[in-house]
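Asks: File target00.tsv below, TSV, C-alpha atoms:
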chain	number	residue	atom	x	y	z
A	672	MET	CA	165.32	130.18	45.84
A	673	THR	CA	168.61	130.29	47.67
A	674	ILE	CA	170.37	133.62	47.33
A	675	GLY	CA	173.31	133.02	49.65
A	676	LEU	CA	175.00	130.95	52.32
A	677	ALA	CA	176.15	132.46	55.60
A	678	GLY	CA	178.77	131.25	58.03
A	679	PRO	CA	180.10	132.16	61.45
A	680	GLY	CA	180.38	135.91	61.96
A	681	ASP	CA	178.47	136.82	58.80
A	682	LEU	CA	175.99	139.66	58.98
A	683	ILE	CA	172.65	138.99	57.34
A	684	ALA	CA	170.57	141.98	56.33
A	685	PRO	CA	166.86	141.43	55.78
A	686	LEU	CA	165.93	141.69	52.12
A	687	ASN	CA	162.33	142.83	51.99
A	688	LEU	CA	162.08	143.71	48.33
A	689	ALA	CA	158.87	145.57	47.53
A	690	GLY	CA	157.41	144.48	50.86
A	691	GLU	CA	157.72	140.78	50.08
A	692	ALA	CA	158.55	138.45	52.93
A	693	SER	CA	161.81	136.54	52.95
A	694	GLU	CA	162.76	133.44	54.88
A	695	ILE	CA	166.07	132.37	56.34
A	696	VAL	CA	166.60	128.64	56.71
A	697	CYS	CA	169.36	127.31	58.94
A	698	LEU	CA	171.03	124.06	57.90
A	699	THR	CA	172.98	123.74	61.15
A	700	ARG	CA	172.63	124.90	64.75
A	701	VAL	CA	173.09	128.63	64.92
A	702	SER	CA	173.24	131.38	67.47
A	703	VAL	CA	171.66	134.56	66.19
A	704	GLU	CA	172.36	137.94	67.63
A	705	GLU	CA	170.72	141.22	66.66
A	706	VAL	CA	173.25	143.95	65.96
A	707	SER	CA	173.11	147.54	64.78
A	708	PRO	CA	175.76	147.71	62.06
A	709	SER	CA	177.28	150.95	60.89
A	710	ASN	CA	176.32	152.19	57.45
A	711	GLU	CA	179.68	150.95	56.16
A	712	GLU	CA	179.17	147.46	57.66
A	713	LEU	CA	175.65	147.33	56.23
A	714	THR	CA	176.93	148.33	52.79
A	715	VAL	CA	179.60	145.60	52.92
A	716	CYS	CA	176.97	143.07	54.05
A	717	LEU	CA	174.53	143.98	51.27
A	718	ASN	CA	177.29	143.93	48.64
A	719	ASN	CA	178.34	140.47	49.88
A	720	GLN	CA	174.75	139.22	49.75
A	721	MET	CA	174.32	140.63	46.23
A	722	ALA	CA	177.57	139.01	45.05
A	723	GLN	CA	176.48	135.65	46.47
A	724	ALA	CA	173.07	135.90	44.80
A	725	ILE	CA	174.68	136.73	41.44
A	726	THR	CA	177.13	133.83	41.78
A	727	LEU	CA	174.36	131.37	42.63
A	728	LEU	CA	172.26	132.63	39.71
A	729	ARG	CA	175.22	132.20	37.34
A	730	ILE	CA	175.91	128.71	38.65
A	731	GLY	CA	172.22	127.85	38.15
A	732	ARG	CA	172.47	128.66	34.44
A	733	LEU	CA	175.52	126.52	33.66
A	734	ARG	CA	175.20	123.64	31.23
A	735	PRO	CA	175.57	120.71	31.41
A	736	VAL	CA	173.99	120.42	34.83
A	737	ASP	CA	176.95	118.49	36.28
A	738	THR	CA	178.95	121.67	35.76
A	739	ARG	CA	176.63	123.45	38.20
A	740	LEU	CA	177.47	121.02	40.96
A	741	ILE	CA	181.26	121.15	40.59
A	742	HIS	CA	181.17	124.96	40.44
A	743	LEU	CA	178.95	125.06	43.53
A	744	LEU	CA	181.29	122.75	45.44
A	745	HIS	CA	184.29	124.92	44.56
A	746	TRP	CA	182.42	128.10	45.50
A	747	ILE	CA	181.38	126.62	48.85
A	748	GLY	CA	184.93	125.35	49.33
A	749	ALA	CA	186.34	128.83	48.72
A	750	ARG	CA	183.97	130.27	51.36
A	751	PHE	CA	183.86	127.55	53.99
A	752	GLY	CA	186.41	124.85	53.17
A	753	ILE	CA	189.71	124.07	54.83
A	754	ILE	CA	192.68	124.45	52.51
A	755	ASN	CA	195.54	122.00	52.86
A	756	SER	CA	198.49	120.97	50.68
A	757	GLN	CA	196.29	118.71	48.54
A	758	GLY	CA	193.32	121.00	47.98
A	759	THR	CA	190.21	122.16	49.78
A	760	VAL	CA	188.35	119.94	52.24
A	761	LEU	CA	184.59	120.29	52.62
A	762	SER	CA	182.75	118.60	55.45
A	763	LEU	CA	179.30	118.06	53.98
A	764	GLN	CA	178.06	116.62	57.27
A	765	GLU	CA	179.25	119.58	59.35
A	766	MET	CA	177.54	121.95	56.96
A	767	ASN	CA	174.50	119.67	56.70
A	768	LEU	CA	174.82	119.69	52.91
A	769	THR	CA	172.89	116.60	51.95
A	770	HIS	CA	172.52	115.47	48.37
A	771	ARG	CA	168.97	116.88	48.57
A	772	THR	CA	170.29	120.31	49.67
A	773	LEU	CA	172.93	120.30	46.92
A	774	ALA	CA	170.16	119.41	44.46
A	775	ASP	CA	168.04	122.32	45.66
A	776	LEU	CA	170.99	124.71	45.33
A	777	THR	CA	171.77	123.61	41.77
A	778	GLY	CA	168.32	122.94	40.36
A	779	MET	CA	169.18	119.27	39.97
A	780	THR	CA	167.49	116.17	41.36
A	781	ARG	CA	168.92	114.34	44.36
A	782	VAL	CA	169.57	111.30	42.18
A	783	SER	CA	171.42	113.45	39.61
A	784	VAL	CA	173.60	114.93	42.38
A	785	THR	CA	174.46	111.45	43.70
A	786	LYS	CA	175.37	110.21	40.21
A	787	ALA	CA	177.37	113.36	39.41
A	788	LEU	CA	179.36	113.04	42.66
A	789	SER	CA	180.19	109.44	41.72
A	790	ARG	CA	181.37	110.58	38.26
A	791	PHE	CA	183.46	113.37	39.82
A	792	LYS	CA	185.10	110.83	42.15
A	793	SER	CA	185.89	108.43	39.30
A	794	ARG	CA	187.42	111.31	37.27
A	795	GLY	CA	189.45	112.58	40.24
A	796	LEU	CA	187.62	115.92	40.38
A	797	ILE	CA	186.74	115.19	44.01
A	798	VAL	CA	188.12	112.71	46.51
A	799	ALA	CA	186.19	111.22	49.42
A	800	THR	CA	188.56	111.69	52.36
A	801	ARG	CA	186.16	110.31	54.92
A	802	GLU	CA	182.63	109.12	54.52
A	803	VAL	CA	181.35	112.70	54.91
A	804	ASP	CA	184.26	114.84	53.69
A	805	LEU	CA	185.24	115.77	50.16
A	806	LEU	CA	188.61	116.95	48.93
A	807	LEU	CA	188.61	119.29	45.95
A	808	PRO	CA	192.16	118.74	44.66
A	809	HIS	CA	194.36	121.67	43.59
A	810	GLY	CA	195.18	121.99	39.94
A	811	ILE	CA	192.10	120.35	38.47
A	812	HIS	CA	191.04	122.55	35.53
A	813	GLY	CA	192.40	125.71	37.13
A	814	HIS	CA	189.71	127.49	39.09
A	815	PRO	CA	186.36	126.22	37.77
A	816	TRP	CA	184.45	128.26	40.32
A	817	THR	CA	185.49	131.54	38.69
A	818	LEU	CA	182.53	132.69	36.65
As structure tokens - that is how I would like this structure written.
Replies:
Amino acid sequence: MTIGLAGPGDLIAPLNLAGEASEIVCLTRVSVEEVSPSNEELTVCLNNQMAQAITLLRIGRLRPVDTRLIHLLHWIGARFGIINSQGTVLSLQEMNLTHRTLADLTGMTRVSVTKALSRFKSRGLIVATREVDLLLPHGIHGHPWTL
């Protein structure tokens, strides 16, 4: 189960709940550095991780399932996308977000993700700007990623 996505500069605190092991999977090349955060930095980090986990759990419960994917894309865009005058650009290739990974994050199948992305493109909810980039246009249904 994915409980968060981290980017450059993010602190990641180990979450060993009740002694259970946890695993961190990297989708891209990373450089990891051990740090000793202050109590305040650790609190901010843990609150951020909790907020991400709650958001991903909420997204995972949305119906119909296509709704999960568009909310996930907008949430990822808000965290990692590049905002321009037309909307938010996501580079799926840079983030190594394959259709399989998006499926795992949403509880969908890879085939369902591929079909949903095609439907989103035909409805103008997303625009393919390059073969590997998506544009999430401004003004489409307000802010669907707000849960």
Asks: For atom CA of A:Arg781 and atom CA of A:Gln723, quote the distance in Å rounded to one decimal.
Replies: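 Atom-to-atom, atom CA of A:Arg781 and atom CA of A:Gln723 are spaced 22.7 Å apart.
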Asks: Report, in Å to a single decimal, how far apart atom CA of A:Ile730 and atom CA of A:Trp746 are.
Replies: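 These two atoms are separated by 9.5 Å.
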Asks: Taking 4 positions as the minimum chain separation for residues in the same chain, which residues sit within 12 Å of stretch 750-766 of chain A when counting all atoms listed in the file? Answer as a count of residues only.
Replies: 40
Asks: With distances taken over all atoms listed in the file, which of A:Met672, A:Cys716, A:Leu733, A:Val784 is nearest to A:Ile695?
Replies: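 Nearest candidate to A:Ile695 out of A:Met672, A:Cys716, A:Leu733, A:Val784: A:Met672.
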Asks: So the first atom is atom CA of A:Thr726 and the second is atom CA of A:Val706; what is the distance between them in Å, to one decimal place?
Replies: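 Here the two named atoms are 26.5 Å from each other.
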Asks: Which residue is closest to A:Met779? Choose from A:Pro685, A:Gly748, A:Pro708, A:Pro735 and count all atoms listed in the file.
Replies: A:Pro735
Asks: With distances taken over all atoms listed in the file, which of A:Leu727, A:Ala684, A:Val696, A:Ala722 is nearest to A:Asn710?
Replies: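 The shortest atom-to-atom distance to A:Asn710 comes from A:Ala684.
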Asks: First collect every listed atom of stretch 755-774 of chain A; then fit an axis-aligned box around them, widen it by 8 Å on each side, and give centre and edge lengths in Å to one decimal, as AutoDock Vina command-line options.
Replies:
--center_x 183.7 --center_y 118.8 --center_z 51.9 --size_x 45.5 --size_y 22.7 --size_z 30.9
Asks: Considering only C-alpha atoms, state which residue in the set A:Leu682, A:Glu704, A:Thr777, A:Lys786 is at the smallest distance from A:Arg739.
Replies: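 So, comparing all the options, the nearest one is A:Thr777.
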Asks: Tell me which of A:Ile741, A:Val736, A:Ile683, A:Leu717 sits closest to A:Glu705, counting all atoms listed in the file.
Replies: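 Smallest distance to A:Glu705 is found for A:Ile683.
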Asks: Please supply stretch 718-729 of chain A, rebuilt with N, CA, C and O atoms, as a short mmCIF file (atom, residue, chain, number, x, y, z; two decimals), in the coordinates of the input.
Replies:
data_model
loop_
_atom_site.label_atom_id
_atom_site.label_comp_id
_atom_site.auth_asym_id
_atom_site.auth_seq_id
_atom_site.Cartn_x
_atom_site.Cartn_y
_atom_site.Cartn_z
N ASN A 718 176.48 144.24 49.83
CA ASN A 718 177.29 143.93 48.64
C ASN A 718 177.66 142.45 48.61
O ASN A 718 177.64 141.82 47.55
N ASN A 719 178.01 141.89 49.78
CA ASN A 719 178.34 140.47 49.88
C ASN A 719 177.12 139.61 49.52
O ASN A 719 177.23 138.65 48.76
N GLN A 720 175.97 139.97 50.05
CA GLN A 720 174.75 139.22 49.75
C GLN A 720 174.42 139.30 48.26
O GLN A 720 174.01 138.30 47.65
N MET A 721 174.60 140.47 47.67
CA MET A 721 174.32 140.63 46.23
C MET A 721 175.30 139.79 45.41
O MET A 721 174.89 139.11 44.46
N ALA A 722 176.57 139.80 45.78
CA ALA A 722 177.57 139.01 45.05
C ALA A 722 177.26 137.52 45.14
O ALA A 722 177.38 136.80 44.15
N GLN A 723 176.84 137.07 46.32
CA GLN A 723 176.48 135.65 46.47
C GLN A 723 175.28 135.31 45.59
O GLN A 723 175.27 134.27 44.94
N ALA A 724 174.27 136.16 45.60
CA ALA A 724 173.07 135.90 44.80
C ALA A 724 173.42 135.82 43.32
O ALA A 724 172.96 134.93 42.60
N ILE A 725 174.27 136.74 42.85
CA ILE A 725 174.68 136.73 41.44
C ILE A 725 175.44 135.46 41.13
O ILE A 725 175.21 134.82 40.09
N THR A 726 176.36 135.06 42.01
CA THR A 726 177.13 133.83 41.78
C THR A 726 176.21 132.62 41.71
O THR A 726 176.34 131.78 40.81
N LEU A 727 175.28 132.51 42.64
CA LEU A 727 174.36 131.37 42.63
C LEU A 727 173.46 131.38 41.39
O LEU A 727 173.17 130.32 40.83
N LEU A 728 173.05 132.56 40.94
CA LEU A 728 172.26 132.63 39.71
C LEU A 728 173.09 132.20 38.50
O LEU A 728 172.60 131.48 37.63
N ARG A 729 174.34 132.61 38.45
CA ARG A 729 175.22 132.20 37.34
C ARG A 729 175.45 130.70 37.36
O ARG A 729 175.43 130.06 36.32
#
